[in-house]
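Novice: Just one file: upload-v6.cif, with mmCIF, C-alpha atoms, pLDDT in the B column; chains and numbers go by the auth columns.
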data_structure
loop_
_atom_site.group_PDB
_atom_site.id
_atom_site.type_symbol
_atom_site.label_atom_id
_atom_site.label_comp_id
_atom_site.label_asym_id
_atom_site.label_seq_id
_atom_site.Cartn_x
_atom_site.Cartn_y
_atom_site.Cartn_z
_atom_site.B_iso_or_equiv
_atom_site.auth_seq_id
_atom_site.auth_asym_id
ATOM 1 C CA MET A 1 -22.942 -20.425 -17.276 79.00 1 A
ATOM 2 C CA THR A 2 -19.484 -21.979 -17.518 91.00 2 A
ATOM 3 C CA THR A 3 -18.202 -24.366 -14.885 90.00 3 A
ATOM 4 C CA ASP A 4 -15.593 -21.826 -13.809 90.00 4 A
ATOM 5 C CA ALA A 5 -18.208 -19.096 -13.385 92.00 5 A
ATOM 6 C CA PHE A 6 -20.463 -21.398 -11.382 95.00 6 A
ATOM 7 C CA ASP A 7 -17.575 -22.460 -9.129 95.00 7 A
ATOM 8 C CA ARG A 8 -16.778 -18.801 -8.543 95.00 8 A
ATOM 9 C CA ASP A 9 -20.395 -18.051 -7.555 96.00 9 A
ATOM 10 C CA LEU A 10 -20.563 -21.096 -5.314 97.00 10 A
ATOM 11 C CA ARG A 11 -17.308 -20.170 -3.588 97.00 11 A
ATOM 12 C CA LEU A 12 -18.626 -16.686 -2.828 96.00 12 A
ATOM 13 C CA ALA A 13 -21.977 -18.054 -1.637 97.00 13 A
ATOM 14 C CA ILE A 14 -20.069 -20.257 0.834 97.00 14 A
ATOM 15 C CA TYR A 15 -18.091 -17.306 2.156 97.00 15 A
ATOM 16 C CA ARG A 16 -21.224 -15.128 2.426 97.00 16 A
ATOM 17 C CA THR A 17 -22.824 -17.623 4.792 97.00 17 A
ATOM 18 C CA LEU A 18 -19.580 -18.156 6.689 96.00 18 A
ATOM 19 C CA VAL A 19 -19.127 -14.445 7.260 97.00 19 A
ATOM 20 C CA GLU A 20 -22.773 -13.751 8.132 96.00 20 A
ATOM 21 C CA ASP A 21 -23.571 -16.846 10.175 95.00 21 A
ATOM 22 C CA GLY A 22 -20.157 -18.158 11.243 94.00 22 A
ATOM 23 C CA ARG A 23 -20.927 -21.548 9.681 95.00 23 A
ATOM 24 C CA PRO A 24 -20.669 -22.943 6.175 96.00 24 A
ATOM 25 C CA PRO A 25 -23.816 -23.659 4.159 97.00 25 A
ATOM 26 C CA GLY A 26 -24.821 -27.236 3.360 96.00 26 A
ATOM 27 C CA ALA A 27 -25.107 -28.559 -0.200 95.00 27 A
ATOM 28 C CA GLN A 28 -28.914 -28.400 -0.053 96.00 28 A
ATOM 29 C CA GLU A 29 -28.818 -24.784 1.068 96.00 29 A
ATOM 30 C CA LEU A 30 -26.413 -23.893 -1.742 97.00 30 A
ATOM 31 C CA ALA A 31 -28.569 -25.694 -4.296 97.00 31 A
ATOM 32 C CA VAL A 32 -31.617 -23.660 -3.253 97.00 32 A
ATOM 33 C CA GLU A 33 -29.706 -20.368 -3.204 96.00 33 A
ATOM 34 C CA LEU A 34 -28.126 -20.908 -6.621 96.00 34 A
ATOM 35 C CA GLU A 35 -31.205 -22.635 -8.099 96.00 35 A
ATOM 36 C CA VAL A 36 -29.382 -25.772 -9.237 97.00 36 A
ATOM 37 C CA SER A 37 -29.481 -29.461 -8.330 96.00 37 A
ATOM 38 C CA ILE A 38 -27.556 -30.857 -5.380 96.00 38 A
ATOM 39 C CA SER A 39 -25.467 -32.969 -7.760 96.00 39 A
ATOM 40 C CA HIS A 40 -24.433 -29.752 -9.497 96.00 40 A
ATOM 41 C CA VAL A 41 -23.352 -28.307 -6.129 97.00 41 A
ATOM 42 C CA ASP A 42 -21.566 -31.527 -5.123 96.00 42 A
ATOM 43 C CA ALA A 43 -19.586 -31.567 -8.363 96.00 43 A
ATOM 44 C CA SER A 44 -18.584 -27.933 -7.867 97.00 44 A
ATOM 45 C CA LEU A 45 -17.554 -28.564 -4.252 97.00 45 A
ATOM 46 C CA ARG A 46 -15.358 -31.430 -5.409 96.00 46 A
ATOM 47 C CA ARG A 47 -13.723 -29.245 -8.069 96.00 47 A
ATOM 48 C CA LEU A 48 -13.064 -26.513 -5.504 96.00 48 A
ATOM 49 C CA ALA A 49 -11.625 -29.075 -3.086 95.00 49 A
ATOM 50 C CA ASP A 50 -9.414 -30.562 -5.811 93.00 50 A
ATOM 51 C CA ALA A 51 -8.165 -27.039 -6.521 91.00 51 A
ATOM 52 C CA HIS A 52 -7.427 -26.559 -2.777 90.00 52 A
ATOM 53 C CA ALA A 53 -9.903 -23.661 -2.636 92.00 53 A
ATOM 54 C CA LEU A 54 -11.626 -25.413 0.277 95.00 54 A
ATOM 55 C CA VAL A 55 -11.454 -28.654 2.262 95.00 55 A
ATOM 56 C CA LEU A 56 -14.354 -31.107 2.651 96.00 56 A
ATOM 57 C CA GLN A 57 -14.952 -33.452 5.558 94.00 57 A
ATOM 58 C CA PRO A 58 -13.443 -36.736 4.332 92.00 58 A
ATOM 59 C CA GLY A 59 -15.910 -38.759 2.270 91.00 59 A
ATOM 60 C CA THR A 60 -18.629 -36.084 2.360 93.00 60 A
ATOM 61 C CA SER A 61 -19.656 -32.871 0.629 91.00 61 A
ATOM 62 C CA SER A 62 -19.669 -31.011 3.951 95.00 62 A
ATOM 63 C CA ILE A 63 -17.301 -28.088 4.127 96.00 63 A
ATOM 64 C CA TRP A 64 -14.619 -28.449 6.808 96.00 64 A
ATOM 65 C CA MET A 65 -12.379 -25.513 5.955 95.00 65 A
ATOM 66 C CA ALA A 66 -12.816 -22.548 3.666 96.00 66 A
ATOM 67 C CA ALA A 67 -9.629 -20.787 4.647 95.00 67 A
ATOM 68 C CA PRO A 68 -9.252 -18.838 6.775 97.00 68 A
ATOM 69 C CA PHE A 69 -12.535 -20.072 8.316 97.00 69 A
ATOM 70 C CA SER A 70 -13.066 -23.397 10.054 96.00 70 A
ATOM 71 C CA ALA A 71 -16.480 -25.053 10.157 95.00 71 A
ATOM 72 C CA VAL A 72 -15.635 -26.712 13.462 95.00 72 A
ATOM 73 C CA PRO A 73 -14.481 -25.198 16.764 96.00 73 A
ATOM 74 C CA THR A 74 -10.702 -24.852 17.075 96.00 74 A
ATOM 75 C CA PRO A 75 -8.249 -23.305 19.575 96.00 75 A
ATOM 76 C CA PHE A 76 -8.225 -20.162 17.376 97.00 76 A
ATOM 77 C CA GLU A 77 -11.238 -18.023 18.169 98.00 77 A
ATOM 78 C CA VAL A 78 -11.653 -14.752 16.314 98.00 78 A
ATOM 79 C CA SER A 79 -14.042 -12.018 17.441 98.00 79 A
ATOM 80 C CA VAL A 80 -15.068 -9.366 14.939 98.00 80 A
ATOM 81 C CA GLY A 81 -17.540 -6.959 16.516 96.00 81 A
ATOM 82 C CA ASP A 82 -20.282 -9.207 17.876 95.00 82 A
ATOM 83 C CA ARG A 83 -19.474 -12.017 15.427 97.00 83 A
ATOM 84 C CA ARG A 84 -17.342 -14.977 16.428 97.00 84 A
ATOM 85 C CA TYR A 85 -15.431 -17.285 14.096 98.00 85 A
ATOM 86 C CA PHE A 86 -13.061 -20.198 14.344 97.00 86 A
ATOM 87 C CA ALA A 87 -9.892 -20.330 12.259 97.00 87 A
ATOM 88 C CA ASN A 88 -7.908 -23.384 11.178 94.00 88 A
ATOM 89 C CA CYS A 89 -4.590 -22.194 12.622 95.00 89 A
ATOM 90 C CA ILE A 90 -2.935 -19.002 13.824 96.00 90 A
ATOM 91 C CA TRP A 91 -2.076 -17.942 10.253 95.00 91 A
ATOM 92 C CA ASP A 92 -5.745 -18.310 9.315 96.00 92 A
ATOM 93 C CA ALA A 93 -6.832 -16.552 12.525 97.00 93 A
ATOM 94 C CA LEU A 94 -4.912 -13.487 11.366 97.00 94 A
ATOM 95 C CA GLY A 95 -6.362 -14.079 7.897 97.00 95 A
ATOM 96 C CA ILE A 96 -9.914 -13.405 9.119 98.00 96 A
ATOM 97 C CA PRO A 97 -9.404 -9.671 9.821 98.00 97 A
ATOM 98 C CA ALA A 98 -7.252 -9.571 6.674 98.00 98 A
ATOM 99 C CA CYS A 99 -10.012 -10.863 4.394 97.00 99 A
ATOM 100 C CA LEU A 100 -12.834 -9.006 6.158 98.00 100 A
ATOM 101 C CA HIS A 101 -10.823 -5.765 6.376 98.00 101 A
ATOM 102 C CA GLU A 102 -12.137 -5.336 9.892 98.00 102 A
ATOM 103 C CA ASP A 103 -10.703 -5.115 13.383 98.00 103 A
ATOM 104 C CA ALA A 104 -10.513 -8.397 15.252 98.00 104 A
ATOM 105 C CA ARG A 105 -9.424 -10.022 18.474 97.00 105 A
ATOM 106 C CA ILE A 106 -7.789 -13.455 18.299 97.00 106 A
ATOM 107 C CA ASP A 107 -7.833 -15.672 21.349 97.00 107 A
ATOM 108 C CA SER A 108 -5.677 -18.758 21.522 96.00 108 A
ATOM 109 C CA SER A 109 -3.428 -20.404 24.093 96.00 109 A
ATOM 110 C CA CYS A 110 0.136 -21.644 24.257 96.00 110 A
ATOM 111 C CA PRO A 111 0.199 -25.374 23.382 97.00 111 A
ATOM 112 C CA ASP A 112 3.104 -25.809 25.821 97.00 112 A
ATOM 113 C CA CYS A 113 1.840 -24.097 28.978 97.00 113 A
ATOM 114 C CA ALA A 114 -1.847 -23.404 28.151 96.00 114 A
ATOM 115 C CA GLU A 115 -1.469 -19.717 28.973 95.00 115 A
ATOM 116 C CA PRO A 116 -4.128 -17.692 27.116 95.00 116 A
ATOM 117 C CA LEU A 117 -2.661 -15.576 24.328 96.00 117 A
ATOM 118 C CA ARG A 118 -4.351 -12.741 22.498 96.00 118 A
ATOM 119 C CA LEU A 119 -3.538 -10.852 19.307 96.00 119 A
ATOM 120 C CA GLU A 120 -5.490 -7.806 18.162 97.00 120 A
ATOM 121 C CA VAL A 121 -5.717 -6.284 14.717 97.00 121 A
ATOM 122 C CA GLN A 122 -6.874 -2.688 14.516 97.00 122 A
ATOM 123 C CA ASP A 123 -7.028 -0.397 11.496 97.00 123 A
ATOM 124 C CA GLY A 124 -5.078 -2.870 9.401 96.00 124 A
ATOM 125 C CA THR A 125 -2.172 -3.264 11.801 95.00 125 A
ATOM 126 C CA LEU A 126 -1.274 -5.606 14.606 94.00 126 A
ATOM 127 C CA ARG A 127 -1.867 -3.717 17.829 91.00 127 A
ATOM 128 C CA GLU A 128 0.992 -3.758 20.317 72.00 128 A
ATOM 129 C CA PRO A 129 2.100 -7.254 19.349 65.00 129 A
ATOM 130 C CA ALA A 130 2.094 -9.575 22.289 69.00 130 A
ATOM 131 C CA ASP A 131 5.327 -11.288 23.256 83.00 131 A
ATOM 132 C CA SER A 132 4.552 -14.504 21.418 95.00 132 A
ATOM 133 C CA VAL A 133 5.760 -16.528 18.454 96.00 133 A
ATOM 134 C CA LEU A 134 4.086 -18.374 15.577 96.00 134 A
ATOM 135 C CA HIS A 135 5.460 -21.833 14.886 95.00 135 A
ATOM 136 C CA PHE A 136 5.038 -23.831 11.681 93.00 136 A
ATOM 137 C CA ALA A 137 5.905 -27.456 12.414 90.00 137 A
ATOM 138 C CA ILE A 138 5.577 -28.787 8.876 89.00 138 A
ATOM 139 C CA PRO A 139 7.765 -27.619 5.973 90.00 139 A
ATOM 140 C CA ALA A 140 5.883 -25.648 3.316 89.00 140 A
ATOM 141 C CA ALA A 141 6.314 -28.292 0.614 86.00 141 A
ATOM 142 C CA ARG A 142 4.337 -30.784 2.747 84.00 142 A
ATOM 143 C CA TRP A 143 1.439 -28.592 3.946 78.00 143 A
ATOM 144 C CA TRP A 144 -1.123 -30.200 1.659 68.00 144 A
ATOM 145 C CA GLU A 145 -0.089 -33.797 2.447 65.00 145 A
ATOM 146 C CA ASP A 146 -2.354 -33.573 5.502 60.00 146 A
ATOM 147 C CA ILE A 147 -3.902 -30.118 5.623 56.00 147 A
ATOM 148 C CA GLY A 148 -5.834 -30.954 8.792 61.00 148 A
ATOM 149 C CA ALA A 149 -2.586 -31.593 10.650 58.00 149 A
ATOM 150 C CA THR A 150 -0.902 -28.580 9.084 57.00 150 A
ATOM 151 C CA MET B 1 0.481 -23.448 12.784 91.00 1 B
ATOM 152 C CA LEU B 2 0.304 -22.574 16.434 95.00 2 B
ATOM 153 C CA LEU B 3 0.830 -19.565 18.682 97.00 3 B
ATOM 154 C CA PHE B 4 3.303 -19.980 21.553 97.00 4 B
ATOM 155 C CA ARG B 5 4.277 -17.838 24.517 96.00 5 B
ATOM 156 C CA SER B 6 7.921 -17.723 23.366 96.00 6 B
ATOM 157 C CA GLU B 7 10.611 -19.624 21.445 95.00 7 B
ATOM 158 C CA GLU B 8 11.480 -21.401 24.679 96.00 8 B
ATOM 159 C CA HIS B 9 7.933 -22.759 24.876 97.00 9 B
ATOM 160 C CA VAL B 10 8.166 -23.885 21.233 97.00 10 B
ATOM 161 C CA ARG B 11 11.380 -25.803 22.000 97.00 11 B
ATOM 162 C CA ARG B 12 9.902 -27.445 25.093 97.00 12 B
ATOM 163 C CA TRP B 13 6.738 -28.438 23.203 96.00 13 B
ATOM 164 C CA ALA B 14 8.725 -29.859 20.263 96.00 14 B
ATOM 165 C CA ASP B 15 11.164 -31.719 22.570 96.00 15 B
ATOM 166 C CA ALA B 16 8.279 -33.311 24.473 96.00 16 B
ATOM 167 C CA ARG B 17 6.947 -34.693 21.179 94.00 17 B
ATOM 168 C CA GLY B 18 10.285 -35.585 19.681 95.00 18 B
ATOM 169 C CA ILE B 19 9.669 -33.439 16.634 91.00 19 B
ATOM 170 C CA PRO B 20 12.162 -31.060 15.044 91.00 20 B
ATOM 171 C CA LEU B 21 11.746 -27.322 15.348 93.00 21 B
ATOM 172 C CA GLY B 22 10.032 -25.864 12.300 93.00 22 B
ATOM 173 C CA GLY B 23 9.745 -22.266 11.182 93.00 23 B
ATOM 174 C CA THR B 24 9.001 -19.413 13.552 94.00 24 B
ATOM 175 C CA LEU B 25 7.571 -15.968 12.861 94.00 25 B
ATOM 176 C CA THR B 26 7.037 -12.936 15.028 94.00 26 B
ATOM 177 C CA PRO B 27 3.378 -11.899 15.372 95.00 27 B
ATOM 178 C CA GLU B 28 4.158 -8.913 13.118 94.00 28 B
ATOM 179 C CA GLN B 29 5.555 -11.215 10.404 93.00 29 B
ATOM 180 C CA GLY B 30 2.524 -13.464 10.855 95.00 30 B
ATOM 181 C CA TRP B 31 0.177 -10.536 10.337 96.00 31 B
ATOM 182 C CA ARG B 32 2.063 -9.425 7.207 95.00 32 B
ATOM 183 C CA LEU B 33 1.888 -12.970 5.855 94.00 33 B
ATOM 184 C CA ALA B 34 -1.832 -13.315 6.643 96.00 34 B
ATOM 185 C CA ASP B 35 -2.683 -9.897 5.217 97.00 35 B
ATOM 186 C CA ALA B 36 -0.802 -10.547 1.983 95.00 36 B
ATOM 187 C CA TRP B 37 -2.225 -14.057 1.679 94.00 37 B
ATOM 188 C CA PHE B 38 -5.872 -13.459 2.583 96.00 38 B
ATOM 189 C CA HIS B 39 -6.698 -9.817 1.802 96.00 39 B
ATOM 190 C CA ASP B 40 -8.413 -10.743 -1.505 96.00 40 B
ATOM 191 C CA ARG B 41 -9.982 -14.062 -0.458 96.00 41 B
ATOM 192 C CA LEU B 42 -13.571 -12.777 -0.512 96.00 42 B
ATOM 193 C CA GLU B 43 -13.278 -11.155 -3.919 95.00 43 B
ATOM 194 C CA LEU B 44 -15.148 -12.645 -6.870 90.00 44 B
ATOM 195 C CA ASP B 45 -12.074 -13.025 -9.057 87.00 45 B
ATOM 196 C CA TRP B 46 -9.852 -14.566 -6.367 92.00 46 B
ATOM 197 C CA ARG B 47 -7.728 -17.410 -7.668 88.00 47 B
ATOM 198 C CA ARG B 48 -5.225 -19.626 -5.955 88.00 48 B
ATOM 199 C CA ARG B 49 -1.677 -18.357 -6.253 90.00 49 B
ATOM 200 C CA THR B 50 0.742 -20.278 -8.399 91.00 50 B
ATOM 201 C CA THR B 51 3.662 -21.859 -6.571 91.00 51 B
ATOM 202 C CA GLU B 52 5.930 -19.149 -7.964 93.00 52 B
ATOM 203 C CA GLU B 53 3.619 -16.360 -6.762 93.00 53 B
ATOM 204 C CA ALA B 54 3.317 -17.907 -3.303 92.00 54 B
ATOM 205 C CA GLN B 55 7.088 -18.338 -3.072 93.00 55 B
ATOM 206 C CA ALA B 56 7.607 -14.687 -4.045 94.00 56 B
ATOM 207 C CA LEU B 57 5.131 -13.635 -1.354 93.00 57 B
ATOM 208 C CA PHE B 58 7.043 -15.667 1.261 93.00 58 B
ATOM 209 C CA ARG B 59 10.306 -14.096 0.130 94.00 59 B
ATOM 210 C CA SER B 60 8.805 -10.599 0.427 93.00 60 B
ATOM 211 C CA ILE B 61 8.316 -11.051 4.163 91.00 61 B
ATOM 212 C CA GLY B 62 11.631 -12.773 4.760 92.00 62 B
ATOM 213 C CA LEU B 63 10.512 -16.396 4.664 93.00 63 B
ATOM 214 C CA THR B 64 13.414 -17.944 2.802 93.00 64 B
ATOM 215 C CA GLY B 65 15.405 -21.150 3.076 92.00 65 B
ATOM 216 C CA PRO B 66 14.515 -24.826 2.620 92.00 66 B
ATOM 217 C CA PHE B 67 11.718 -24.857 5.221 93.00 67 B
ATOM 218 C CA TRP B 68 9.687 -22.311 3.242 93.00 68 B
ATOM 219 C CA GLN B 69 10.385 -23.890 -0.157 93.00 69 B
ATOM 220 C CA LEU B 70 7.046 -24.872 -1.699 90.00 70 B
ATOM 221 C CA ALA B 71 8.402 -27.144 -4.426 84.00 71 B
#
Write out the structure in this file as structure tokens.
Specialist:
Amino acid sequence: MTTDAFDRDLRLAIYRTLVEDGRPPGAQELAVELEVSISHVDASLRRLADAHALVLQPGTSSIWMAAPFSAVPTPFEVSVGDRRYFANCIWDALGIPACLHEDARIDSSCPDCAEPLRLEVQDGTLREPADSVLHFAIPAARWWEDIGAT
Amino acid sequence: MLLFRSEEHVRRWADARGIPLGGTLTPEQGWRLADAWFHDRLELDWRRRTTEEAQALFRSIGLTGPFWQLA
């Protein structure tokens, strides 16, 4: 199998676990599933991170973000049926129903006043959009300078 | 990328931190952006968009100007 093909399989294996369990798999888990060594998985994770296909916790091979999913709790909670996910930002929160092609409810809160805010996606459209606004603080050219802050 | 109650709340939040206002989208624009950006993320042959492709996608939903310039 080529490196590209393996990276593709690994990427999908990560998303399968994220979607089913709401958490990313560890390197050991991926190695068992794909029947390869951990060093093989680590190298693939690094390639995917270098290609900005996912983000690792600094200095580790633990997955932090596989957009639109976050491995850690965030202020962007997405409910899809009885599954619950966390997204990295409000763009990613909307990206969860987009990539799953399912209805979803997004719960967040206003960073200024802490009022709870909810967006709902149903049948591929935003349902009665709430009176709210998305704000991008960092210009697009600088998003990857510090993706955690973005 | 955060969700605010209104533009007024964005301004107050930015003023309190001494940071300039960035780019704002309506929820509908945000959904169109997210749908276009993420709809194929779980497909086997997904690949990262080139800068040109991403810029064209931004343009298609009205995100133009220096703030949305990727390179």
Novice: Please identify every residue of chain A that has at least one atom no more than 6 Å from any atom of chain B, counting only C-alpha atoms, and report them as a list in words.
Specialist: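 Residues of chain A within 6 Å of chain B, counting only C-alpha atoms: Cys89, Ile90, Trp91, Leu94, Gly95, Ala98, Cys99, Cys110, Asp112, Ser132, Val133, Leu134, His135, Phe136, Ala137, Pro139, Ala140 and Ala141 of chain A.
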Novice: What does the distance from CA of Val41 (chain A) to CA of Asp9 (chain A) come to in Å, to one decimal?
Specialist: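 Between CA of Val41 (chain A) and CA of Asp9 (chain A) the gap works out to 10.8 Å.
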Novice: Residues proximal to (-1.7, -5.1, 16.4) were defined as those with any atom within 12 Å of that point in the file's coordinates, counting all atoms listed in the file. Which are they, as a PDB file with C-alpha atoms, in the coordinates of the input?
Specialist:
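File produced: point_21.pdb:
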ATOM      1  CA  LEU A  94      -4.912 -13.487  11.366  1.00 97.00           C
ATOM      2  CA  PRO A  97      -9.404  -9.671   9.821  1.00 98.00           C
ATOM      3  CA  ASP A 103     -10.703  -5.115  13.383  1.00 98.00           C
ATOM      4  CA  ALA A 104     -10.513  -8.397  15.252  1.00 98.00           C
ATOM      5  CA  ARG A 105      -9.424 -10.022  18.474  1.00 97.00           C
ATOM      6  CA  ILE A 106      -7.789 -13.455  18.299  1.00 97.00           C
ATOM      7  CA  ARG A 118      -4.351 -12.741  22.498  1.00 96.00           C
ATOM      8  CA  LEU A 119      -3.538 -10.852  19.307  1.00 96.00           C
ATOM      9  CA  GLU A 120      -5.490  -7.806  18.162  1.00 97.00           C
ATOM     10  CA  VAL A 121      -5.717  -6.284  14.717  1.00 97.00           C
ATOM     11  CA  GLN A 122      -6.874  -2.688  14.516  1.00 97.00           C
ATOM     12  CA  ASP A 123      -7.028  -0.397  11.496  1.00 97.00           C
ATOM     13  CA  GLY A 124      -5.078  -2.870   9.401  1.00 96.00           C
ATOM     14  CA  THR A 125      -2.172  -3.264  11.801  1.00 95.00           C
ATOM     15  CA  LEU A 126      -1.274  -5.606  14.606  1.00 94.00           C
ATOM     16  CA  ARG A 127      -1.867  -3.717  17.829  1.00 91.00           C
ATOM     17  CA  GLU A 128       0.992  -3.758  20.317  1.00 72.00           C
ATOM     18  CA  PRO A 129       2.100  -7.254  19.349  1.00 65.00           C
ATOM     19  CA  ALA A 130       2.094  -9.575  22.289  1.00 69.00           C
ATOM     20  CA  ASP A 131       5.327 -11.288  23.256  1.00 83.00           C
TER      21      ASP A 131
ATOM     22  CA  THR B  26       7.037 -12.936  15.028  1.00 94.00           C
ATOM     23  CA  PRO B  27       3.378 -11.899  15.372  1.00 95.00           C
ATOM     24  CA  GLU B  28       4.158  -8.913  13.118  1.00 94.00           C
ATOM     25  CA  GLN B  29       5.555 -11.215  10.404  1.00 93.00           C
ATOM     26  CA  GLY B  30       2.524 -13.464  10.855  1.00 95.00           C
ATOM     27  CA  TRP B  31       0.177 -10.536  10.337  1.00 96.00           C
ATOM     28  CA  ARG B  32       2.063  -9.425   7.207  1.00 95.00           C
TER      29      ARG B  32
END
Novice: I'd like to see the residues matched by the PyMOL selection byres ((chain A and resi 12-15) around 7) on this file, and ideally I'd get them as a list in words.
Specialist: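 When the PyMOL selection byres ((chain A and resi 12-15) around 7) is applied, the selected residues are Arg8, Asp9, Leu10, Arg11, Arg16, Thr17, Leu18, Val19, Pro24 and Pro25 of chain A; Leu42 and Leu44 of chain B.
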Novice: Next, the residues of the selection above should be written as a tab-separated table (two decimals), in the coordinates of the input with C-alpha atoms.
Specialist:
chain	number	residue	atom	x	y	z
A	8	ARG	CA	-16.78	-18.80	-8.54
A	9	ASP	CA	-20.40	-18.05	-7.56
A	10	LEU	CA	-20.56	-21.10	-5.31
A	11	ARG	CA	-17.31	-20.17	-3.59
A	16	ARG	CA	-21.22	-15.13	2.43
A	17	THR	CA	-22.82	-17.62	4.79
A	18	LEU	CA	-19.58	-18.16	6.69
A	19	VAL	CA	-19.13	-14.44	7.26
A	24	PRO	CA	-20.67	-22.94	6.18
A	25	PRO	CA	-23.82	-23.66	4.16
B	42	LEU	CA	-13.57	-12.78	-0.51
B	44	LEU	CA	-15.15	-12.64	-6.87
Novice: What is the CA of Leu56 (chain A)-CA of Ile138 (chain A) distance in Å, reported with one decimal?
Specialist: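 Interatomic distance, CA of Leu56 (chain A) to CA of Ile138 (chain A): 21.0 Å.
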Novice: If I take CA of Ile63 (chain A) and CA of Gly26 (chain A), how far is one from the other in Å, to one decimal?
Specialist: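 The value is 7.6 Å.
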Novice: Report the residues retrieved by the PyMOL selection byres ((chain A and resi 75) around 12) from the displayed file, expressed as a ChimeraX atom specification.
Specialist: /A:70,72-74,76-78,85-90,92-93,106-111,114,116-118 /B:1-3
